[in-house]
2 protein chains.
Amino acid sequence: MDVLELIKGISFPTSTKIVLLAIDGLGGLPHPDTGKTELETARTPNLDSMANKGNCGLMDPVIPGISPGSVPGHLAILGFDPLIHNIGRGAMEAMGINFDLQADDVVARGNFAIVDKKGIIVDRRAGRIPLGQTAELCKLLDKMEIDGVKIFVHPLGDYRFIVVFRGEGLASGVTDSDPQINGTTPKKILPLTLQAEKTALVANKFIAHANSLLSKNHLANAILLRGFSKRPQLPSLSEVYKIKAAAISSFPLYRGLAGLVGMDLLNSGTTMDDHFATLERHFAEYDFISLHIKHIDTAGEDKNFNQKVELIEQLDQHVATLIKLKPDVTVVTSDHSTPAIMGLHSWHPVPVIINSPWCRPDGITKFSEYNCLKGSLGRFPATHLMPLAMAYAQKLGKFGA
Amino acid sequence: MDVLELIKGISFPTSTKIVLLAIDGLGGLPHPDTGKTELETARTPNLDSMANKGNCGLMDPVIPGISPGSVPGHLAILGFDPLIHNIGRGAMEAMGINFDLQADDVVARGNFAIVDKKGIIVDRRAGRIPLGQTAELCKLLDKMEIDGVKIFVHPLGDYRFIVVFRGEGLASGVTDSDPQINGTTPKKILPLTLQAEKTALVANKFIAHANSLLSKNHLANAILLRGFSKRPQLPSLSEVYKIKAAAISSFPLYRGLAGLVGMDLLNSGTTMDDHFATLERHFAEYDFISLHIKHIDTAGEDKNFNQKVELIEQLDQHVATLIKLKPDVTVVTSDHSTPAIMGLHSWHPVPVIINSPWCRPDGITKFSEYNCLKGSLGRFPATHLMPLAMAYAQKLGKFGA
């Protein structure tokens with residue numbers, strides 16, 4: 001029996017409340033000078049107190065050794081096995097900006113990038129150009145038509161955008177052009193199936209034309225595409241868990257995912273202040289609120305160890321607000337590690353706290369990767385997180401006679 | 001490869017002996033006044049000494065967060081994944097009283113209950129009425145015939161009974177009438193498949209007729225049915241593990257399960273004294289004896305913390321008998337937690353000891369949930385327990401060349 005089916009069969013609605021604090025990229029690695037991770041370095045009295053009274057563990061978003069992208073990482077902490085529900089990034093991003101994706105559209109996530117005269121990628125994020133300027137660049141490329149396929153280009157945050165291909169005979173099974181590292185040339189898009197030949201052809205033509213339009217631009221002179229996908233079908237959280245669920249996040253991709261599983265998308269602002277004010281404002285209305293913090297992951301991706309530490313400390317102060325709301329169950333975790341010394345999503349397991357009056361307390365004194373290793377949750381796959389949170393919230397009946 | 005297939009391929013008969021002490025509902029939660037669980041409160045010198053020389057861990061009967069019924073809980077500790085072998089309670093209970101269940105029979109587990117004038121359930125266990133009186137009530141309902149289906153009603157312990165439906169065109173895919181909580185009305189039984197329409201129809205008619213027969217009764221005035229099922233097919237323990245296996249238990253459901261996997265059902269009596277005397281008497285005859293203790297779970301379900309502590313202490317004295325028999329491997333564990341402060345089967349992982357001369361001792365000084373967390377077995381799924389016990393008993397060859 002599939003775990004989602006199992007949960008669906010035994011879940012029932014209650015008045016108890018669950019808050020999931022999803023700290024993007026929280027897990028880290030020791031700083032070479034101190035031997036301490038970002039989380040071990042930060043002063044986090046509020047998180048420490050939650051860990052002390054709760055149950056802790058180390059969680060693998062997919063399986064050990066796998067560095068998850070944002071989609072599988074977040075899917076897993078909502079209880080969807082990412083090896084079963086493999087969803088393309090393009091479709092996710094489109095939903096994040098409320099783009100009206102139609103059933104037969106194929107969509108890709110794009111980066112504006114800088115290439116040198118030989119076509120080698122110098123900066124695959126074009127210096128993280130700001131949204132206003134990205135929107136200008138998108139206008140240059142928007143609403144082309146190639147071989148009868150209409151092409152829409154819409155900005156995401158920073159240097160990111162989506163490309164939507166709309167027309168007859170398109171399929172999502174094509175490779176990426178984005179090699180995901182600097183110092184190499186973009187890759188030609190190849191079809192993975194016969195049905196996807198037209199998509200690969202049109203996408204390669206689009207890239208060539210876009211790059212020629214951008215060739216004299218000082219902000220970015222190339223585009224990189226990845227994650228070609230169609231709109232996916234997932235069961236809703238209300239169907240599986242019998243909860244009224246809302247998401248707080250400023251990150252389009254995360255908002256897209258939340259919408260896809262039927263969560264209400266709250267007007268969340270962009271700062272941690274905004275996010276926690278949103279939580280306070282809407283706490284009474286929902287059984288389940290997921291609060292996603294993107295800022296800490298960005299510091300990790302920028303290899304800024306100290307900034308990641310500072311942002312963790314800033315978050316910890318906001319956690320006091322969360323504690324005062326007294327949810328029946330609080331879950332603190334992450335979709336993946338982003339160690340500042342690597343500057344990348346990594347495969348290292350993420351720390352977890354589950355805090356509820358129904359815990360046998362583990363007695364951990366400081367919330368950290370190392371201490372979570374000693375917690376009673378042990379090392380576990382992320383798909384077990386929601387069943388645990390649901391159990392502590394007493395939203396699950398007994399399985400079997 | 002399925003784990004059972006793996007074990008079947010590498011197991012071989014030996015003269016070594018395994019005793020599995022399955023303490024129903026052992027796991028608990030801290031008492032609010034002392035911060036100690038039932039097991040932490042109890043004086044258990046014999047179990048402590050076994051834990052000290054053995055390996056300890058915390059085990060999830062199904063997956064984390066899932067509160068198992070007795071069937072999945074016990075199946076898992078015998079090595080059968082309950083998500084693969086999902087067996088209805090009715091079939092299990094029927095086997096527990098040696099009812100001659102035929103291949104096409106559909107059987108449900110019933111409760112005698114008390115409902116108020118509006119039909120709302122006041123007590124779904126009818127005050128735990130004793131077996132003698134339950135047998136009288138069953139006689140009132142036994143041997144009806146509805147729409148050509150013969151219906152047999154046989155008493156189990158306390159307020160419990162089975163209903164067997166025998167006739168053409170019956171299927172087990174129907175919902176329960178028992179909502180498993182007080183304060184609500186019984187549910188109408190609904191078919192889950194087209195094949196099960198007749199079963200639902202007959203079962204609803206039977207309930208209506210039974211309730212009218214009971215309407216003036218002072219002990220119970222309603223019945224609740226759940227776990228509609230047919231006789232399941234499972235491989236025997238002798239086939240999988242190459243062991244001669246016996247079960248000691250007074251609990252019909254557990255005896256049913258033991259019979260289903262080919263264990264000899266020993267004449268076990270009802271007290272702990274009886275059970276351990278049975279163990280002494282039959283120890284020489286078997287390679288594997290499972291000794292199931294129900295009493296401690298009952299105290300937990302009755303929310304009687306002190307009685308649960310006393311019964312754990314009483315059990316510990318009997319453990320001296322077990323130690324004297326010197327099995328090659330002793331396993332001490334539970335099918336699920338039943339914290340007295342909850343009064344329900346819960347999802348909390350259960351403590352485990354595996355004691356054998358082939359252990360690297362963990363050096364735990366007191367057998368408890370908290371200390372098991374520090375043991376070398378870590379937190380693990382119950383389906384790993386039998387492979388471990390078999391390995392320590394040196395009954396498994398090498399896997400692969």
# chains A, B, ... in the order shown; residues from 1 in each chain; ligands from 1
>>> interface_residues(of="chain A", to="chain B", cutoff="8 Å", atoms="only C-alpha atoms", output="ChimeraX atom specification")
/A:1-2,358-360,362,374-379,384,387-392,396-401
>>> residues_around(residues="Val240 of chain A", least_positions_apart="2", cutoff="10 Å", atoms="only C-alpha atoms", output="PDB file with N, CA and C atoms, in the first residue's frame")
ATOM      1  N   LEU A   4       0.663   7.523   0.865  1.00  0.00           N
ATOM      2  CA  LEU A   4      -0.398   8.530   0.730  1.00  0.00           C
ATOM      3  C   LEU A   4      -1.780   7.888   0.839  1.00  0.00           C
ATOM      4  N   GLU A   5      -1.934   6.702   0.251  1.00  0.00           N
ATOM      5  CA  GLU A   5      -3.210   5.981   0.331  1.00  0.00           C
ATOM      6  C   GLU A   5      -3.511   5.599   1.780  1.00  0.00           C
ATOM      7  N   LEU A   6      -2.457   5.119   2.454  1.00  0.00           N
ATOM      8  CA  LEU A   6      -2.593   4.745   3.864  1.00  0.00           C
ATOM      9  C   LEU A   6      -3.084   5.938   4.684  1.00  0.00           C
ATOM     10  N   ILE A   7      -2.411   7.088   4.508  1.00  0.00           N
ATOM     11  CA  ILE A   7      -2.745   8.286   5.289  1.00  0.00           C
ATOM     12  C   ILE A   7      -4.166   8.756   4.943  1.00  0.00           C
ATOM     13  N   LYS A   8      -4.475   8.761   3.666  1.00  0.00           N
ATOM     14  CA  LYS A   8      -5.795   9.197   3.222  1.00  0.00           C
ATOM     15  C   LYS A   8      -6.905   8.369   3.879  1.00  0.00           C
ATOM     16  N   GLY A   9      -6.612   7.106   4.101  1.00  0.00           N
ATOM     17  CA  GLY A   9      -7.608   6.207   4.684  1.00  0.00           C
ATOM     18  C   GLY A   9      -7.805   6.376   6.181  1.00  0.00           C
ATOM     19  N   ILE A  10      -6.847   6.985   6.872  1.00  0.00           N
ATOM     20  CA  ILE A  10      -6.966   7.062   8.338  1.00  0.00           C
ATOM     21  C   ILE A  10      -6.962   8.492   8.865  1.00  0.00           C
ATOM     22  N   SER A  11      -6.824   9.506   7.988  1.00  0.00           N
ATOM     23  CA  SER A  11      -6.793  10.889   8.470  1.00  0.00           C
ATOM     24  C   SER A  11      -8.208  11.399   8.687  1.00  0.00           C
ATOM     25  N   PHE A  12      -8.360  12.283   9.646  1.00  0.00           N
ATOM     26  CA  PHE A  12      -9.674  12.907   9.866  1.00  0.00           C
ATOM     27  C   PHE A  12      -9.473  14.339  10.343  1.00  0.00           C
ATOM     28  N   GLY A  79       5.044  15.280   2.012  1.00  0.00           N
ATOM     29  CA  GLY A  79       4.603  13.886   2.045  1.00  0.00           C
ATOM     30  C   GLY A  79       4.534  13.191   0.697  1.00  0.00           C
ATOM     31  N   PRO A 235      -2.548  14.915  -5.855  1.00  0.00           N
ATOM     32  CA  PRO A 235      -3.699  15.026  -4.950  1.00  0.00           C
ATOM     33  C   PRO A 235      -3.511  16.239  -4.026  1.00  0.00           C
ATOM     34  N   SER A 236      -4.590  16.817  -3.564  1.00  0.00           N
ATOM     35  CA  SER A 236      -4.480  17.997  -2.693  1.00  0.00           C
ATOM     36  C   SER A 236      -4.230  17.575  -1.247  1.00  0.00           C
ATOM     37  N   LEU A 237      -3.649  18.501  -0.474  1.00  0.00           N
ATOM     38  CA  LEU A 237      -3.417  18.227   0.951  1.00  0.00           C
ATOM     39  C   LEU A 237      -4.746  17.995   1.680  1.00  0.00           C
ATOM     40  N   SER A 238      -5.794  18.699   1.263  1.00  0.00           N
ATOM     41  CA  SER A 238      -7.074  18.523   1.959  1.00  0.00           C
ATOM     42  C   SER A 238      -7.624  17.121   1.720  1.00  0.00           C
ATOM     43  N   LYS A 242      -6.960  15.851   5.093  1.00  0.00           N
ATOM     44  CA  LYS A 242      -8.191  16.450   5.646  1.00  0.00           C
ATOM     45  C   LYS A 242      -7.874  17.727   6.432  1.00  0.00           C
ATOM     46  N   ILE A 243      -6.985  18.551   5.873  1.00  0.00           N
ATOM     47  CA  ILE A 243      -6.606  19.806   6.520  1.00  0.00           C
ATOM     48  C   ILE A 243      -6.923  20.984   5.609  1.00  0.00           C
ATOM     49  N   VAL A 261      -0.794  21.600  -4.816  1.00  0.00           N
ATOM     50  CA  VAL A 261      -1.359  20.654  -3.850  1.00  0.00           C
ATOM     51  C   VAL A 261      -2.499  21.303  -3.067  1.00  0.00           C
TER      52      VAL A 261
END
>>> atom_distance(atom1="atom CA of Asn217 of chain B", atom2="atom CA of Glu301 of chain B")
26.1 Å
>>> residues_around(residues="Thr193 of chain B", least_positions_apart="4", cutoff="10 Å", atoms="only C-alpha atoms", output="list in words")
Ala171, Ser172, Gly173, Val174 and Glu197 of chain B
>>> write_last_selection(atoms="C-alpha atoms", output="compact mmCIF listing (two decimals), in the first residue's frame")
# COMPACT_ATOMS: atom_id res chain seq x y z
CA ALA B 171 -17.02 -9.77 -0.80
CA SER B 172 -15.07 -8.06 1.96
CA GLY B 173 -14.75 -4.55 0.47
CA VAL B 174 -17.18 -2.67 2.72
CA GLU B 197 -22.98 -4.47 -2.67
>>> residues_around(residues="Gly27 of chain A", least_positions_apart="6", cutoff="8 Å", atoms="only C-alpha atoms", output="list in words")
Glu38, Leu39, Ser334, His336, Ser337, Thr338, Pro339, His348, Pro349, Val350, Pro351 and Glu369 of chain A
>>> write_last_selection(atoms="N, CA and C atoms", output="CSV table (one decimal), in the first residue's frame")
chain,number,residue,atom,x,y,z
A,38,GLU,N,27.1,26.5,10.2
A,38,GLU,CA,26.3,27.8,10.3
A,38,GLU,C,25.4,27.7,11.5
A,39,LEU,N,24.6,26.6,11.6
A,39,LEU,CA,23.6,26.5,12.6
A,39,LEU,C,24.2,26.3,14.0
A,334,SER,N,13.9,21.6,6.7
A,334,SER,CA,14.5,22.2,5.5
A,334,SER,C,14.3,21.3,4.4
A,336,HIS,N,16.5,21.0,2.0
A,336,HIS,CA,17.9,20.4,1.6
A,336,HIS,C,18.9,21.3,2.3
A,337,SER,N,20.1,20.8,2.4
A,337,SER,CA,21.2,21.5,2.9
A,337,SER,C,21.9,22.4,1.8
A,338,THR,N,22.3,23.6,2.2
A,338,THR,CA,23.1,24.4,1.3
A,338,THR,C,24.3,24.9,2.1
A,339,PRO,N,25.4,24.1,2.2
A,339,PRO,CA,26.5,24.5,3.0
A,339,PRO,C,27.2,25.7,2.4
A,348,HIS,N,23.7,16.5,2.1
A,348,HIS,CA,23.7,16.2,3.6
A,348,HIS,C,22.3,16.3,4.2
A,349,PRO,N,22.0,15.3,5.1
A,349,PRO,CA,20.7,15.3,5.7
A,349,PRO,C,20.4,16.6,6.4
A,350,VAL,N,19.1,16.9,6.6
A,350,VAL,CA,18.7,18.2,7.2
A,350,VAL,C,18.2,18.0,8.6
A,351,PRO,N,18.5,18.9,9.5
A,351,PRO,CA,18.0,18.8,10.9
A,351,PRO,C,16.5,19.0,11.0
A,369,GLU,N,22.9,20.2,13.6
A,369,GLU,CA,22.9,19.0,12.8
A,369,GLU,C,23.5,17.8,13.7
>>> select_by_dssp(residues="segment 157-370 of chain A", states="helix (DSSP H, G or I)", output="PDB file with C-alpha atoms, in the first residue's frame")
ATOM      1  CA  LEU A 194      10.075  10.701 -30.753  1.00  0.00           C
ATOM      2  CA  GLN A 195       7.138  12.821 -29.571  1.00  0.00           C
ATOM      3  CA  ALA A 196       9.525  15.494 -28.289  1.00  0.00           C
ATOM      4  CA  GLU A 197      11.417  16.111 -31.571  1.00  0.00           C
ATOM      5  CA  LYS A 198       9.390  19.194 -32.449  1.00  0.00           C
ATOM      6  CA  THR A 199       9.852  20.673 -28.956  1.00  0.00           C
ATOM      7  CA  ALA A 200      13.662  20.265 -29.165  1.00  0.00           C
ATOM      8  CA  LEU A 201      13.738  21.819 -32.647  1.00  0.00           C
ATOM      9  CA  VAL A 202      11.637  24.845 -31.651  1.00  0.00           C
ATOM     10  CA  ALA A 203      13.505  25.329 -28.358  1.00  0.00           C
ATOM     11  CA  ASN A 204      16.902  25.329 -30.090  1.00  0.00           C
ATOM     12  CA  LYS A 205      15.636  27.827 -32.688  1.00  0.00           C
ATOM     13  CA  PHE A 206      14.231  30.006 -29.881  1.00  0.00           C
ATOM     14  CA  ILE A 207      17.552  29.982 -27.984  1.00  0.00           C
ATOM     15  CA  ALA A 208      19.496  30.927 -31.119  1.00  0.00           C
ATOM     16  CA  HIS A 209      17.132  33.798 -31.880  1.00  0.00           C
ATOM     17  CA  ALA A 210      17.066  35.008 -28.251  1.00  0.00           C
ATOM     18  CA  ASN A 211      20.859  34.970 -28.024  1.00  0.00           C
ATOM     19  CA  SER A 212      21.135  37.041 -31.215  1.00  0.00           C
ATOM     20  CA  LEU A 213      18.628  39.580 -29.807  1.00  0.00           C
ATOM     21  CA  LEU A 214      20.677  39.766 -26.580  1.00  0.00           C
ATOM     22  CA  LEU A 237      -3.417  18.227   0.951  1.00  0.00           C
ATOM     23  CA  SER A 238      -7.074  18.523   1.959  1.00  0.00           C
ATOM     24  CA  GLU A 239      -7.828  15.241   0.196  1.00  0.00           C
ATOM     25  CA  VAL A 240      -4.908  13.340   1.723  1.00  0.00           C
ATOM     26  CA  TYR A 241      -4.673  14.936   5.183  1.00  0.00           C
ATOM     27  CA  PRO A 252       7.633  31.648  -6.884  1.00  0.00           C
ATOM     28  CA  LEU A 253       8.642  28.039  -7.207  1.00  0.00           C
ATOM     29  CA  TYR A 254       7.479  27.228  -3.701  1.00  0.00           C
ATOM     30  CA  ARG A 255       4.212  29.113  -4.241  1.00  0.00           C
ATOM     31  CA  GLY A 256       3.697  27.129  -7.441  1.00  0.00           C
ATOM     32  CA  LEU A 257       4.130  23.855  -5.622  1.00  0.00           C
ATOM     33  CA  ALA A 258       1.826  24.928  -2.790  1.00  0.00           C
ATOM     34  CA  GLY A 259      -0.876  25.891  -5.291  1.00  0.00           C
ATOM     35  CA  LEU A 260      -0.504  22.574  -7.044  1.00  0.00           C
ATOM     36  CA  MET A 272      10.964  37.555   7.438  1.00  0.00           C
ATOM     37  CA  ASP A 273       9.024  40.312   9.244  1.00  0.00           C
ATOM     38  CA  ASP A 274       6.349  40.147   6.530  1.00  0.00           C
ATOM     39  CA  HIS A 275       6.218  36.371   6.649  1.00  0.00           C
ATOM     40  CA  PHE A 276       5.736  36.092  10.417  1.00  0.00           C
ATOM     41  CA  ALA A 277       3.180  38.948  10.413  1.00  0.00           C
ATOM     42  CA  THR A 278       1.286  36.933   7.774  1.00  0.00           C
ATOM     43  CA  LEU A 279       1.462  33.879  10.034  1.00  0.00           C
ATOM     44  CA  GLU A 280      -0.004  35.816  12.983  1.00  0.00           C
ATOM     45  CA  ARG A 281      -2.736  37.316  10.815  1.00  0.00           C
ATOM     46  CA  HIS A 282      -3.910  33.985   9.362  1.00  0.00           C
ATOM     47  CA  PHE A 283      -3.085  31.511  12.154  1.00  0.00           C
ATOM     48  CA  ALA A 284      -6.700  31.182  13.338  1.00  0.00           C
ATOM     49  CA  GLU A 285      -8.031  30.346   9.859  1.00  0.00           C
ATOM     50  CA  HIS A 295      16.770  34.047   2.561  1.00  0.00           C
ATOM     51  CA  ILE A 296      19.059  31.577   4.353  1.00  0.00           C
ATOM     52  CA  ASP A 297      19.432  29.386   1.267  1.00  0.00           C
ATOM     53  CA  THR A 298      20.408  32.406  -0.818  1.00  0.00           C
ATOM     54  CA  ALA A 299      23.235  33.239   1.630  1.00  0.00           C
ATOM     55  CA  GLY A 300      24.400  29.629   1.381  1.00  0.00           C
ATOM     56  CA  GLU A 301      24.317  29.672  -2.423  1.00  0.00           C
ATOM     57  CA  PHE A 305      28.896  31.818   5.786  1.00  0.00           C
ATOM     58  CA  ASN A 306      28.581  34.841   8.092  1.00  0.00           C
ATOM     59  CA  GLN A 307      25.448  36.126   6.410  1.00  0.00           C
ATOM     60  CA  LYS A 308      23.871  32.687   6.665  1.00  0.00           C
ATOM     61  CA  VAL A 309      24.675  32.687  10.411  1.00  0.00           C
ATOM     62  CA  GLU A 310      23.202  36.180  10.841  1.00  0.00           C
ATOM     63  CA  LEU A 311      20.023  35.262   8.974  1.00  0.00           C
ATOM     64  CA  ILE A 312      19.594  32.125  11.101  1.00  0.00           C
ATOM     65  CA  GLU A 313      19.896  34.322  14.227  1.00  0.00           C
ATOM     66  CA  GLN A 314      17.383  36.785  12.764  1.00  0.00           C
ATOM     67  CA  LEU A 315      14.992  33.910  12.058  1.00  0.00           C
ATOM     68  CA  ASP A 316      15.393  32.611  15.590  1.00  0.00           C
ATOM     69  CA  GLN A 317      14.094  35.908  16.957  1.00  0.00           C
ATOM     70  CA  HIS A 318      10.981  35.546  14.804  1.00  0.00           C
ATOM     71  CA  VAL A 319      10.527  32.000  16.117  1.00  0.00           C
ATOM     72  CA  ALA A 320       9.432  33.624  19.411  1.00  0.00           C
ATOM     73  CA  THR A 321       6.307  34.816  17.539  1.00  0.00           C
ATOM     74  CA  LEU A 322       5.639  31.274  16.388  1.00  0.00           C
ATOM     75  CA  ILE A 323       6.055  29.861  19.914  1.00  0.00           C
ATOM     76  CA  LYS A 324       3.564  32.423  21.298  1.00  0.00           C
ATOM     77  CA  LEU A 325       0.906  31.237  18.838  1.00  0.00           C
ATOM     78  CA  GLU A 369      22.940  18.971  12.797  1.00  0.00           C
ATOM     79  CA  TYR A 370      25.188  17.096  15.227  1.00  0.00           C
TER      80      TYR A 370
END
>>> atom_distance(atom1="atom CA of Lys294 of chain B", atom2="atom CA of Glu40 of chain B")
19.4 Å
>>> select_by_dssp(residues="segment 47-260 of chain A", states="strand (DSSP E)", output="VMD selection string")
chain A and resid 55 to 60 106 to 115 121 to 123 144 to 146 149 to 155 160 to 166 222 to 229 245 to 248
>>> write_last_selection(atoms="C-alpha atoms", output="mmCIF file, in the first residue's frame")
data_model
loop_
_atom_site.group_PDB
_atom_site.id
_atom_site.type_symbol
_atom_site.label_atom_id
_atom_site.label_comp_id
_atom_site.auth_asym_id
_atom_site.auth_seq_id
_atom_site.Cartn_x
_atom_site.Cartn_y
_atom_site.Cartn_z
ATOM 1 C CA ASN A 55 11.857 15.180 19.092
ATOM 2 C CA CYS A 56 14.823 15.675 16.788
ATOM 3 C CA GLY A 57 16.352 13.822 13.889
ATOM 4 C CA LEU A 58 18.221 14.043 10.606
ATOM 5 C CA MET A 59 16.155 13.745 7.456
ATOM 6 C CA ASP A 60 17.004 12.741 3.885
ATOM 7 C CA VAL A 106 5.486 22.868 -22.372
ATOM 8 C CA VAL A 107 7.344 25.196 -20.062
ATOM 9 C CA ALA A 108 11.017 25.631 -19.174
ATOM 10 C CA ARG A 109 12.816 27.597 -16.491
ATOM 11 C CA GLY A 110 15.380 30.073 -17.906
ATOM 12 C CA ASN A 111 18.442 31.944 -16.643
ATOM 13 C CA PHE A 112 19.861 35.109 -18.171
ATOM 14 C CA ALA A 113 23.592 34.484 -18.362
ATOM 15 C CA ILE A 114 26.856 35.979 -19.594
ATOM 16 C CA VAL A 115 29.003 34.113 -22.139
ATOM 17 C CA ILE A 121 29.528 30.625 -19.773
ATOM 18 C CA VAL A 122 31.245 33.203 -17.556
ATOM 19 C CA ASP A 123 28.316 33.770 -15.179
ATOM 20 C CA MET A 144 7.689 35.125 -30.668
ATOM 21 C CA GLU A 145 6.196 32.498 -32.960
ATOM 22 C CA ILE A 146 8.395 29.706 -34.358
ATOM 23 C CA VAL A 149 4.429 27.515 -31.796
ATOM 24 C CA LYS A 150 3.666 30.605 -29.693
ATOM 25 C CA ILE A 151 6.339 31.425 -27.137
ATOM 26 C CA PHE A 152 5.772 33.431 -23.937
ATOM 27 C CA VAL A 153 8.618 34.717 -21.754
ATOM 28 C CA HIS A 154 7.795 35.931 -18.215
ATOM 29 C CA PRO A 155 10.179 37.143 -15.484
ATOM 30 C CA ARG A 160 15.256 33.944 -13.732
ATOM 31 C CA PHE A 161 12.354 33.591 -16.164
ATOM 32 C CA ILE A 162 9.999 31.047 -17.707
ATOM 33 C CA VAL A 163 9.470 30.203 -21.366
ATOM 34 C CA VAL A 164 6.113 28.690 -22.319
ATOM 35 C CA PHE A 165 5.778 26.901 -25.659
ATOM 36 C CA ARG A 166 2.148 26.653 -26.847
ATOM 37 C CA ALA A 222 22.631 34.509 -23.478
ATOM 38 C CA ILE A 223 19.845 32.351 -22.088
ATOM 39 C CA LEU A 224 20.000 28.905 -20.498
ATOM 40 C CA LEU A 225 16.931 26.642 -20.299
ATOM 41 C CA ARG A 226 16.168 23.662 -18.079
ATOM 42 C CA GLY A 227 13.350 21.621 -16.548
ATOM 43 C CA PHE A 228 11.051 21.291 -19.592
ATOM 44 C CA SER A 229 7.729 20.052 -18.260
ATOM 45 C CA ALA A 245 -3.766 24.407 4.408
ATOM 46 C CA ALA A 246 -2.025 27.673 3.550
ATOM 47 C CA ALA A 247 1.455 28.610 2.365
ATOM 48 C CA ILE A 248 3.557 31.636 3.279
#
>>> closest_residue(among="B:Thr184, B:Thr383, B:Asn46, B:Asn355", to="Lys118 of chain B", atoms="only C-alpha atoms")
B:Thr184
>>> atom_distance(atom1="atom CA of Phe251 of chain A", atom2="atom CA of Met386 of chain A")
21.6 Å
>>> closest_residue(among="A:Gly127, A:Pro32, A:Pro61, A:Pro327", to="Asp158 of chain A", atoms="only C-alpha atoms")
A:Gly127
>>> decode(residues="segment 89-116 of chain A", atoms="C-alpha atoms", output="PDB file, in the first residue's frame")
ATOM      1  CA  ARG A  89      10.904  22.859 -12.652  1.00  0.00           C
ATOM      2  CA  GLY A  90       9.377  24.818 -15.525  1.00  0.00           C
ATOM      3  CA  ALA A  91       5.792  23.834 -14.624  1.00  0.00           C
ATOM      4  CA  MET A  92       6.456  24.660 -11.003  1.00  0.00           C
ATOM      5  CA  GLU A  93       7.844  28.121 -11.738  1.00  0.00           C
ATOM      6  CA  ALA A  94       4.935  28.930 -14.054  1.00  0.00           C
ATOM      7  CA  MET A  95       2.479  28.189 -11.276  1.00  0.00           C
ATOM      8  CA  GLY A  96       4.552  30.330  -8.899  1.00  0.00           C
ATOM      9  CA  ILE A  97       3.803  33.468 -10.955  1.00  0.00           C
ATOM     10  CA  ASN A  98       0.186  32.430 -11.550  1.00  0.00           C
ATOM     11  CA  PHE A  99       0.836  31.914 -15.254  1.00  0.00           C
ATOM     12  CA  ASP A 100      -2.261  30.239 -16.714  1.00  0.00           C
ATOM     13  CA  LEU A 101      -0.530  27.093 -17.874  1.00  0.00           C
ATOM     14  CA  GLN A 102      -2.701  25.003 -20.213  1.00  0.00           C
ATOM     15  CA  ALA A 103      -2.727  21.217 -20.275  1.00  0.00           C
ATOM     16  CA  ASP A 104      -0.651  20.875 -23.478  1.00  0.00           C
ATOM     17  CA  ASP A 105       1.830  23.722 -22.845  1.00  0.00           C
ATOM     18  CA  VAL A 106       5.486  22.868 -22.372  1.00  0.00           C
ATOM     19  CA  VAL A 107       7.344  25.196 -20.062  1.00  0.00           C
ATOM     20  CA  ALA A 108      11.017  25.631 -19.174  1.00  0.00           C
ATOM     21  CA  ARG A 109      12.816  27.597 -16.491  1.00  0.00           C
ATOM     22  CA  GLY A 110      15.380  30.073 -17.906  1.00  0.00           C
ATOM     23  CA  ASN A 111      18.442  31.944 -16.643  1.00  0.00           C
ATOM     24  CA  PHE A 112      19.861  35.109 -18.171  1.00  0.00           C
ATOM     25  CA  ALA A 113      23.592  34.484 -18.362  1.00  0.00           C
ATOM     26  CA  ILE A 114      26.856  35.979 -19.594  1.00  0.00           C
ATOM     27  CA  VAL A 115      29.003  34.113 -22.139  1.00  0.00           C
ATOM     28  CA  ASP A 116      32.416  35.130 -23.500  1.00  0.00           C
TER      29      ASP A 116
END
